[in-house]
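Colleague: Before I ask anything, let me first share the structure, which is written out below as structure tokens.
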Amino acid sequence: MRLKTVLKWLPPILIVLIMLAMIIASFDGVVLAAVISNITRFNSKSTNSDVMIYIGLSLGSLFLVYSAIVLKELFKNRAIKIMNIHLKRNFLYSQLNNNKFNDDANNKVSQIFNDFKLIESNYFTLIFELIGSLLTGIVSAIYVLTLNLPVGLLFILFSLLPVMTPKLFSKKLTDAAEIWQSDSSRFLSKVTDLFKGINSIRTYHAQKTMYQDTANYLTTEETSYEKMNNRQVAAMFVTVMLSMLSFLLPLGAGLFFIVNNQVSASVIIGIFLASDRVVGPLRNAAQYLNQMKTTEGIRKDLHEQVIQFSDKIDVNPDDQPELEITNVGFKFKNGKNILNDLSLKIPFGSKFLFTGASGSGKTKLLNLIQGFLKPTSGEITIGQQEVSNSNQ
């Protein structure tokens with residue numbers, strides 16, 4: 001599942017509204033920096049009218065930006081809702097139409113409620129956060145360069161340091177996420193089996209054994225989850241350290257420019273405040289990329305589905321096909337036979353009762369008749385047509 005596919009799920013008008021809100025919201029750092037740095041222009045010669053105009057323009061600009069931030073969040077929530085619906089619909093459809101579907105329902109439920117929630121928080125949400133951070137960084141960088149090119153360029157170059165973090169931690173974060181997903185799935189399966197078999201467990205007084213066994217799975221799952229989060233913390237720490245260097249070092253250089261009377265203090269203040277909206281968003285973007293890596297393994301096997309169900313087949317009421325089972329055998333991959341050389345004819349409209357001990361092959365035979373399984377040997381036909389090729 002690629003980003004291009006995901007964005008196709010969204011209505012074009014919603015994408016336009018999100019981008020418009022993001023562009024206006026990206027002026028957050030610029031407006032705040034301009035408001036604070038321009039205070040130095042006021043002195044005893046300034047009038048009350050100048051102050052009122054300044055406050056009015058400042059309030060209007062900040063109100064516009066912060067309104068855009070709120071709208072961006074609302075539009076983002078709508079987009080995530082649409083993405084989640086598409087993702088889960090595609091998954092449900094793929095399972096209904098998967099001829100090789102296994103009956104491990106626990107893993108499928110785990111995907112919907114665990115893996116897909118991780119995709120929402122660490123992929124869908126971060127797509128918009130990443131784009132917003134990059135826009136904020138670009139707008140703030142342009143503003144910084146217009147104030148003073150040499151000092152501004154110095155701030156921007158150093159602000160690129162946090163981008164190194166994804167290259168340093170991407171593989172470790174991906175590996176940790178895959179381990180947690182595997183452990184989480186096993187724990188969910190264990191808990192499901194525990195609750196399903198609670199009466200049998202009580203009958204044989206196995207509560208202590210099953211509790212300890214399930215608790216071990218829980219500890220393993222939570223430990224792997226902690227390791228994944230700890231690696232994200234380590235990546236965040238490195239990013240923060242690089243960010244600190246990225247604005248302190250050029251700030252020191254800016255002070256030398258002030259001392260040598262090559263630039264005013266207000267310009268350095270403006271560059272310093274706006275550069276935080278270059279460094280900060282780039283730092284966040286690096287962190288978002290790291291988090292998005294944690295969903296790489298899950299997304300790899302997810303594909304866009306064209307949801308289309310075949311029409312109901314018209315059956316001629318005069319047709320009375322006969323079900324014929326000829327020399328059918330079925331065995332598991334380990335070689336154990338469950339059915340062997342079974343032959344049977346069932347006329348149309350007949351009723352048969354299959355009896356036998358648990359594991360004797362009753363359910364397997366029904367699955368073979370319906371085409372959910374293929375016989376190891378022999379053939380099953382309905383009205384001269386092989387079951388595996390039939391839509392009946």
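Here, A, B, ... name the chains of the structure tokens in the order displayed, residue numbers run from 1 inside each chain, and ligands are numbered from 1 in the same displayed order.
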Would you list, as a PDB file with N, CA, C and O atoms, in the first residue's frame, the residues of region 221-363 of chain A that end up in strand (DSSP E) under DSSP run on this structure's backbone?
Modeller:
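Listed below is the output, states.pdb:
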ATOM      1  N   LEU A 323     -24.783 -34.699  -6.820  1.00  0.00           N
ATOM      2  CA  LEU A 323     -23.454 -34.538  -6.223  1.00  0.00           C
ATOM      3  C   LEU A 323     -22.765 -35.896  -6.229  1.00  0.00           C
ATOM      4  O   LEU A 323     -23.303 -36.885  -5.703  1.00  0.00           O
ATOM      5  N   GLU A 324     -21.583 -35.936  -6.852  1.00  0.00           N
ATOM      6  CA  GLU A 324     -20.853 -37.205  -6.941  1.00  0.00           C
ATOM      7  C   GLU A 324     -19.445 -37.043  -6.381  1.00  0.00           C
ATOM      8  O   GLU A 324     -18.692 -36.143  -6.805  1.00  0.00           O
ATOM      9  N   ILE A 325     -19.106 -37.876  -5.436  1.00  0.00           N
ATOM     10  CA  ILE A 325     -17.774 -37.892  -4.826  1.00  0.00           C
ATOM     11  C   ILE A 325     -17.093 -39.171  -5.275  1.00  0.00           C
ATOM     12  O   ILE A 325     -17.576 -40.279  -4.979  1.00  0.00           O
ATOM     13  N   THR A 326     -15.985 -39.033  -5.999  1.00  0.00           N
ATOM     14  CA  THR A 326     -15.331 -40.194  -6.604  1.00  0.00           C
ATOM     15  C   THR A 326     -13.903 -40.353  -6.102  1.00  0.00           C
ATOM     16  O   THR A 326     -13.038 -39.500  -6.374  1.00  0.00           O
ATOM     17  N   ASN A 327     -13.661 -41.413  -5.349  1.00  0.00           N
ATOM     18  CA  ASN A 327     -12.303 -41.766  -4.871  1.00  0.00           C
ATOM     19  C   ASN A 327     -11.583 -40.576  -4.227  1.00  0.00           C
ATOM     20  O   ASN A 327     -10.399 -40.341  -4.472  1.00  0.00           O
ATOM     21  N   VAL A 328     -12.308 -39.835  -3.415  1.00  0.00           N
ATOM     22  CA  VAL A 328     -11.735 -38.630  -2.813  1.00  0.00           C
ATOM     23  C   VAL A 328     -10.889 -38.986  -1.589  1.00  0.00           C
ATOM     24  O   VAL A 328     -11.292 -39.777  -0.732  1.00  0.00           O
ATOM     25  N   GLY A 329      -9.721 -38.392  -1.538  1.00  0.00           N
ATOM     26  CA  GLY A 329      -8.853 -38.509  -0.370  1.00  0.00           C
ATOM     27  C   GLY A 329      -8.349 -37.144   0.035  1.00  0.00           C
ATOM     28  O   GLY A 329      -8.228 -36.238  -0.798  1.00  0.00           O
ATOM     29  N   PHE A 330      -8.092 -36.967   1.313  1.00  0.00           N
ATOM     30  CA  PHE A 330      -7.555 -35.696   1.800  1.00  0.00           C
ATOM     31  C   PHE A 330      -6.610 -35.973   2.963  1.00  0.00           C
ATOM     32  O   PHE A 330      -6.934 -36.734   3.872  1.00  0.00           O
ATOM     33  N   LYS A 331      -5.429 -35.363   2.900  1.00  0.00           N
ATOM     34  CA  LYS A 331      -4.489 -35.508   4.000  1.00  0.00           C
ATOM     35  C   LYS A 331      -3.799 -34.179   4.271  1.00  0.00           C
ATOM     36  O   LYS A 331      -3.672 -33.327   3.389  1.00  0.00           O
ATOM     37  N   ASN A 337      -3.663 -38.869   7.026  1.00  0.00           N
ATOM     38  CA  ASN A 337      -4.877 -39.013   6.216  1.00  0.00           C
ATOM     39  C   ASN A 337      -6.102 -38.704   7.062  1.00  0.00           C
ATOM     40  O   ASN A 337      -6.230 -39.157   8.194  1.00  0.00           O
ATOM     41  N   ILE A 338      -7.021 -37.916   6.497  1.00  0.00           N
ATOM     42  CA  ILE A 338      -8.277 -37.638   7.176  1.00  0.00           C
ATOM     43  C   ILE A 338      -9.448 -38.261   6.404  1.00  0.00           C
ATOM     44  O   ILE A 338     -10.444 -38.675   6.969  1.00  0.00           O
ATOM     45  N   LEU A 339      -9.290 -38.359   5.069  1.00  0.00           N
ATOM     46  CA  LEU A 339     -10.244 -39.070   4.207  1.00  0.00           C
ATOM     47  C   LEU A 339      -9.444 -39.919   3.233  1.00  0.00           C
ATOM     48  O   LEU A 339      -8.386 -39.498   2.753  1.00  0.00           O
ATOM     49  N   ASN A 340      -9.986 -41.110   2.927  1.00  0.00           N
ATOM     50  CA  ASN A 340      -9.225 -41.995   2.054  1.00  0.00           C
ATOM     51  C   ASN A 340     -10.166 -42.748   1.112  1.00  0.00           C
ATOM     52  O   ASN A 340     -11.030 -43.523   1.561  1.00  0.00           O
ATOM     53  N   ASP A 341     -10.035 -42.487  -0.193  1.00  0.00           N
ATOM     54  CA  ASP A 341     -10.756 -43.219  -1.236  1.00  0.00           C
ATOM     55  C   ASP A 341     -12.270 -43.255  -0.967  1.00  0.00           C
ATOM     56  O   ASP A 341     -12.903 -44.318  -1.006  1.00  0.00           O
ATOM     57  N   LEU A 342     -12.854 -42.054  -0.722  1.00  0.00           N
ATOM     58  CA  LEU A 342     -14.279 -41.965  -0.438  1.00  0.00           C
ATOM     59  C   LEU A 342     -15.061 -41.773  -1.740  1.00  0.00           C
ATOM     60  O   LEU A 342     -14.749 -40.896  -2.538  1.00  0.00           O
ATOM     61  N   SER A 343     -16.071 -42.601  -1.945  1.00  0.00           N
ATOM     62  CA  SER A 343     -16.942 -42.473  -3.116  1.00  0.00           C
ATOM     63  C   SER A 343     -18.384 -42.430  -2.641  1.00  0.00           C
ATOM     64  O   SER A 343     -18.784 -43.210  -1.769  1.00  0.00           O
ATOM     65  N   LEU A 344     -19.156 -41.516  -3.238  1.00  0.00           N
ATOM     66  CA  LEU A 344     -20.526 -41.328  -2.771  1.00  0.00           C
ATOM     67  C   LEU A 344     -21.314 -40.569  -3.832  1.00  0.00           C
ATOM     68  O   LEU A 344     -20.795 -39.656  -4.474  1.00  0.00           O
ATOM     69  N   LYS A 345     -22.577 -40.976  -4.028  1.00  0.00           N
ATOM     70  CA  LYS A 345     -23.473 -40.247  -4.913  1.00  0.00           C
ATOM     71  C   LYS A 345     -24.657 -39.746  -4.094  1.00  0.00           C
ATOM     72  O   LYS A 345     -25.282 -40.515  -3.363  1.00  0.00           O
ATOM     73  N   ILE A 346     -24.955 -38.461  -4.222  1.00  0.00           N
ATOM     74  CA  ILE A 346     -26.059 -37.855  -3.472  1.00  0.00           C
ATOM     75  C   ILE A 346     -27.028 -37.241  -4.472  1.00  0.00           C
ATOM     76  O   ILE A 346     -26.731 -36.211  -5.090  1.00  0.00           O
TER      77      ILE A 346
END
Colleague: Where does region 80-194 of chain A meet region 15-33 of chain A within 6 Å, residue by residue, with the nearest atom pair and distance in Å to one decimal for each, counting only C-alpha atoms, listed by chain and rising number, as JSON lines?
Modeller:
{"residue": "A:Gly132", "atom": "CA", "partner": "A:Met22", "partner_atom": "CA", "distance": 5.8}
{"residue": "A:Leu135", "atom": "CA", "partner": "A:Ser26", "partner_atom": "CA", "distance": 5.8}
{"residue": "A:Thr136", "atom": "CA", "partner": "A:Ser26", "partner_atom": "CA", "distance": 4.1}
{"residue": "A:Ser140", "atom": "CA", "partner": "A:Val30", "partner_atom": "CA", "distance": 5.8}
Colleague: Emit the selected residues as a tab-separated table (two decimals), in the first residue's frame, including C-alpha atoms.
Modeller:
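That gives us result32.tsv:
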chain	number	residue	atom	x	y	z
A	132	GLY	CA	2.48	20.21	7.36
A	135	LEU	CA	5.44	23.36	4.49
A	136	THR	CA	6.12	25.17	7.77
A	140	SER	CA	9.92	29.86	7.60
Colleague: Using only C-alpha atoms for the distances, tell me which of A:Ile268, A:Ile119, A:Met52, A:Leu160 is nearest to Ala285 (chain A).
Modeller: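 Among A:Ile268, A:Ile119, A:Met52, A:Leu160, it is A:Leu160 that comes nearest to Ala285 (chain A).
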Colleague: Which residues come within 9 Å of region 210-222 of chain A, counting only C-alpha atoms, excluding same-chain residues fewer than 5 positions away, as an mmCIF file with N, CA and C atoms, in the first residue's frame?
Modeller:
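Below you can see around_33.cif, which holds the result:
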data_model
loop_
_atom_site.group_PDB
_atom_site.id
_atom_site.type_symbol
_atom_site.label_atom_id
_atom_site.label_comp_id
_atom_site.auth_asym_id
_atom_site.auth_seq_id
_atom_site.Cartn_x
_atom_site.Cartn_y
_atom_site.Cartn_z
ATOM 1 N N ILE A 179 8.762 -7.292 15.448
ATOM 2 C CA ILE A 179 8.788 -8.211 16.591
ATOM 3 C C ILE A 179 7.570 -7.978 17.481
ATOM 4 N N TRP A 180 7.250 -6.706 17.754
ATOM 5 C CA TRP A 180 6.083 -6.407 18.592
ATOM 6 C C TRP A 180 4.794 -6.886 17.952
ATOM 7 N N GLN A 181 4.642 -6.683 16.635
ATOM 8 C CA GLN A 181 3.428 -7.122 15.946
ATOM 9 C C GLN A 181 3.255 -8.632 16.046
ATOM 10 N N SER A 182 4.353 -9.362 15.912
ATOM 11 C CA SER A 182 4.297 -10.819 16.014
ATOM 12 C C SER A 182 3.922 -11.252 17.433
ATOM 13 N N ASP A 183 4.570 -10.663 18.430
ATOM 14 C CA ASP A 183 4.286 -11.010 19.828
ATOM 15 C C ASP A 183 2.863 -10.628 20.217
ATOM 16 N N SER A 184 2.386 -9.483 19.713
ATOM 17 C CA SER A 184 1.029 -9.032 20.018
ATOM 18 C C SER A 184 -0.006 -9.993 19.441
ATOM 19 N N SER A 185 0.237 -10.472 18.229
ATOM 20 C CA SER A 185 -0.679 -11.414 17.599
ATOM 21 C C SER A 185 -0.732 -12.734 18.363
ATOM 22 N N ARG A 186 0.425 -13.210 18.812
ATOM 23 C CA ARG A 186 0.454 -14.463 19.574
ATOM 24 C C ARG A 186 -0.254 -14.322 20.916
ATOM 25 N N PHE A 187 -0.085 -13.173 21.557
ATOM 26 C CA PHE A 187 -0.747 -12.952 22.846
ATOM 27 C C PHE A 187 -2.266 -12.906 22.677
ATOM 28 N N LEU A 188 -2.731 -12.203 21.640
ATOM 29 C CA LEU A 188 -4.166 -12.127 21.383
ATOM 30 C C LEU A 188 -4.741 -13.522 21.129
ATOM 31 N N LYS A 190 -3.545 -16.324 22.229
ATOM 32 C CA LYS A 190 -3.509 -17.061 23.491
ATOM 33 C C LYS A 190 -4.682 -16.680 24.391
ATOM 34 N N VAL A 191 -4.957 -15.381 24.481
ATOM 35 C CA VAL A 191 -6.064 -14.917 25.319
ATOM 36 C C VAL A 191 -7.400 -15.427 24.783
ATOM 37 N N LEU A 194 -7.764 -18.968 25.672
ATOM 38 C CA LEU A 194 -8.004 -19.082 27.107
ATOM 39 C C LEU A 194 -9.476 -18.877 27.437
ATOM 40 N N ILE A 201 -10.773 -25.672 31.192
ATOM 41 C CA ILE A 201 -9.668 -25.366 32.102
ATOM 42 C C ILE A 201 -10.107 -25.556 33.547
ATOM 43 N N LYS A 227 10.486 -2.185 24.062
ATOM 44 C CA LYS A 227 11.715 -2.044 23.276
ATOM 45 C C LYS A 227 11.482 -1.175 22.043
#
Colleague: Might you pull out every residue within 7 Å of region 2-13 of chain A, with only C-alpha atoms counted and same-chain residues fewer than 6 positions away left off, and present them as a PyMOL selection string?
Modeller: chain A and resi 79+82-83
Colleague: Report the residues of region 99-216 of chain A whose backbone DSSP state falls under alpha helix (DSSP H), written as a PyMOL selection string.
Modeller: chain A and resi 105-110+116-119+125-147+149-159+165-196+198-203+207-216
Colleague: I'd like to know which of A:Phe113, A:Phe128, A:Ile55, A:Asp276 is closest to Arg78 (chain A), using only C-alpha atoms.
Modeller: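 Result for the nearest residue to Arg78 (chain A): A:Phe128.
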Colleague: Given only C-alpha atoms as the basis, pick out the residue of A:Asp115, A:Glu120, A:Asp50, A:Asp175 nearest to Lys81 (chain A).
Modeller: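 Ranked by minimum distance to Lys81 (chain A), first place goes to A:Glu120.
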Colleague: Looking at A:Val151, A:Met241, A:Ile369, A:Ile112, which one is nearest to Arg89 (chain A), with distances taken over only C-alpha atoms?
Modeller: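 Going through A:Val151, A:Met241, A:Ile369, A:Ile112 one by one, the smallest distance to Arg89 (chain A) is for A:Ile112.
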Colleague: Let me make sure I understand: among A:Gly137, A:Gly280, A:Gly56, A:Pro375, which one has the smallest atom-to-atom distance to Thr239 (chain A) if we use only C-alpha atoms?
Modeller: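 Closest candidate: A:Gly280.
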Colleague: Find the residue from A:Ser275, A:Asn38, A:Ser159, A:Asn97 that sits nearest to Val144 (chain A); use only C-alpha atoms when measuring.
Modeller: A:Ser275
Colleague: Report, in Å with one decimal, the straight-line distance from CA of Leu255 (chain A) to CA of Arg283 (chain A).
Modeller: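 CA of Arg283 (chain A) lies 24.2 Å from CA of Leu255 (chain A).
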Colleague: To one decimal in Å, tell me the separation between CA of Gly152 (chain A) and CA of Asn284 (chain A).
Modeller: 20.4 Å
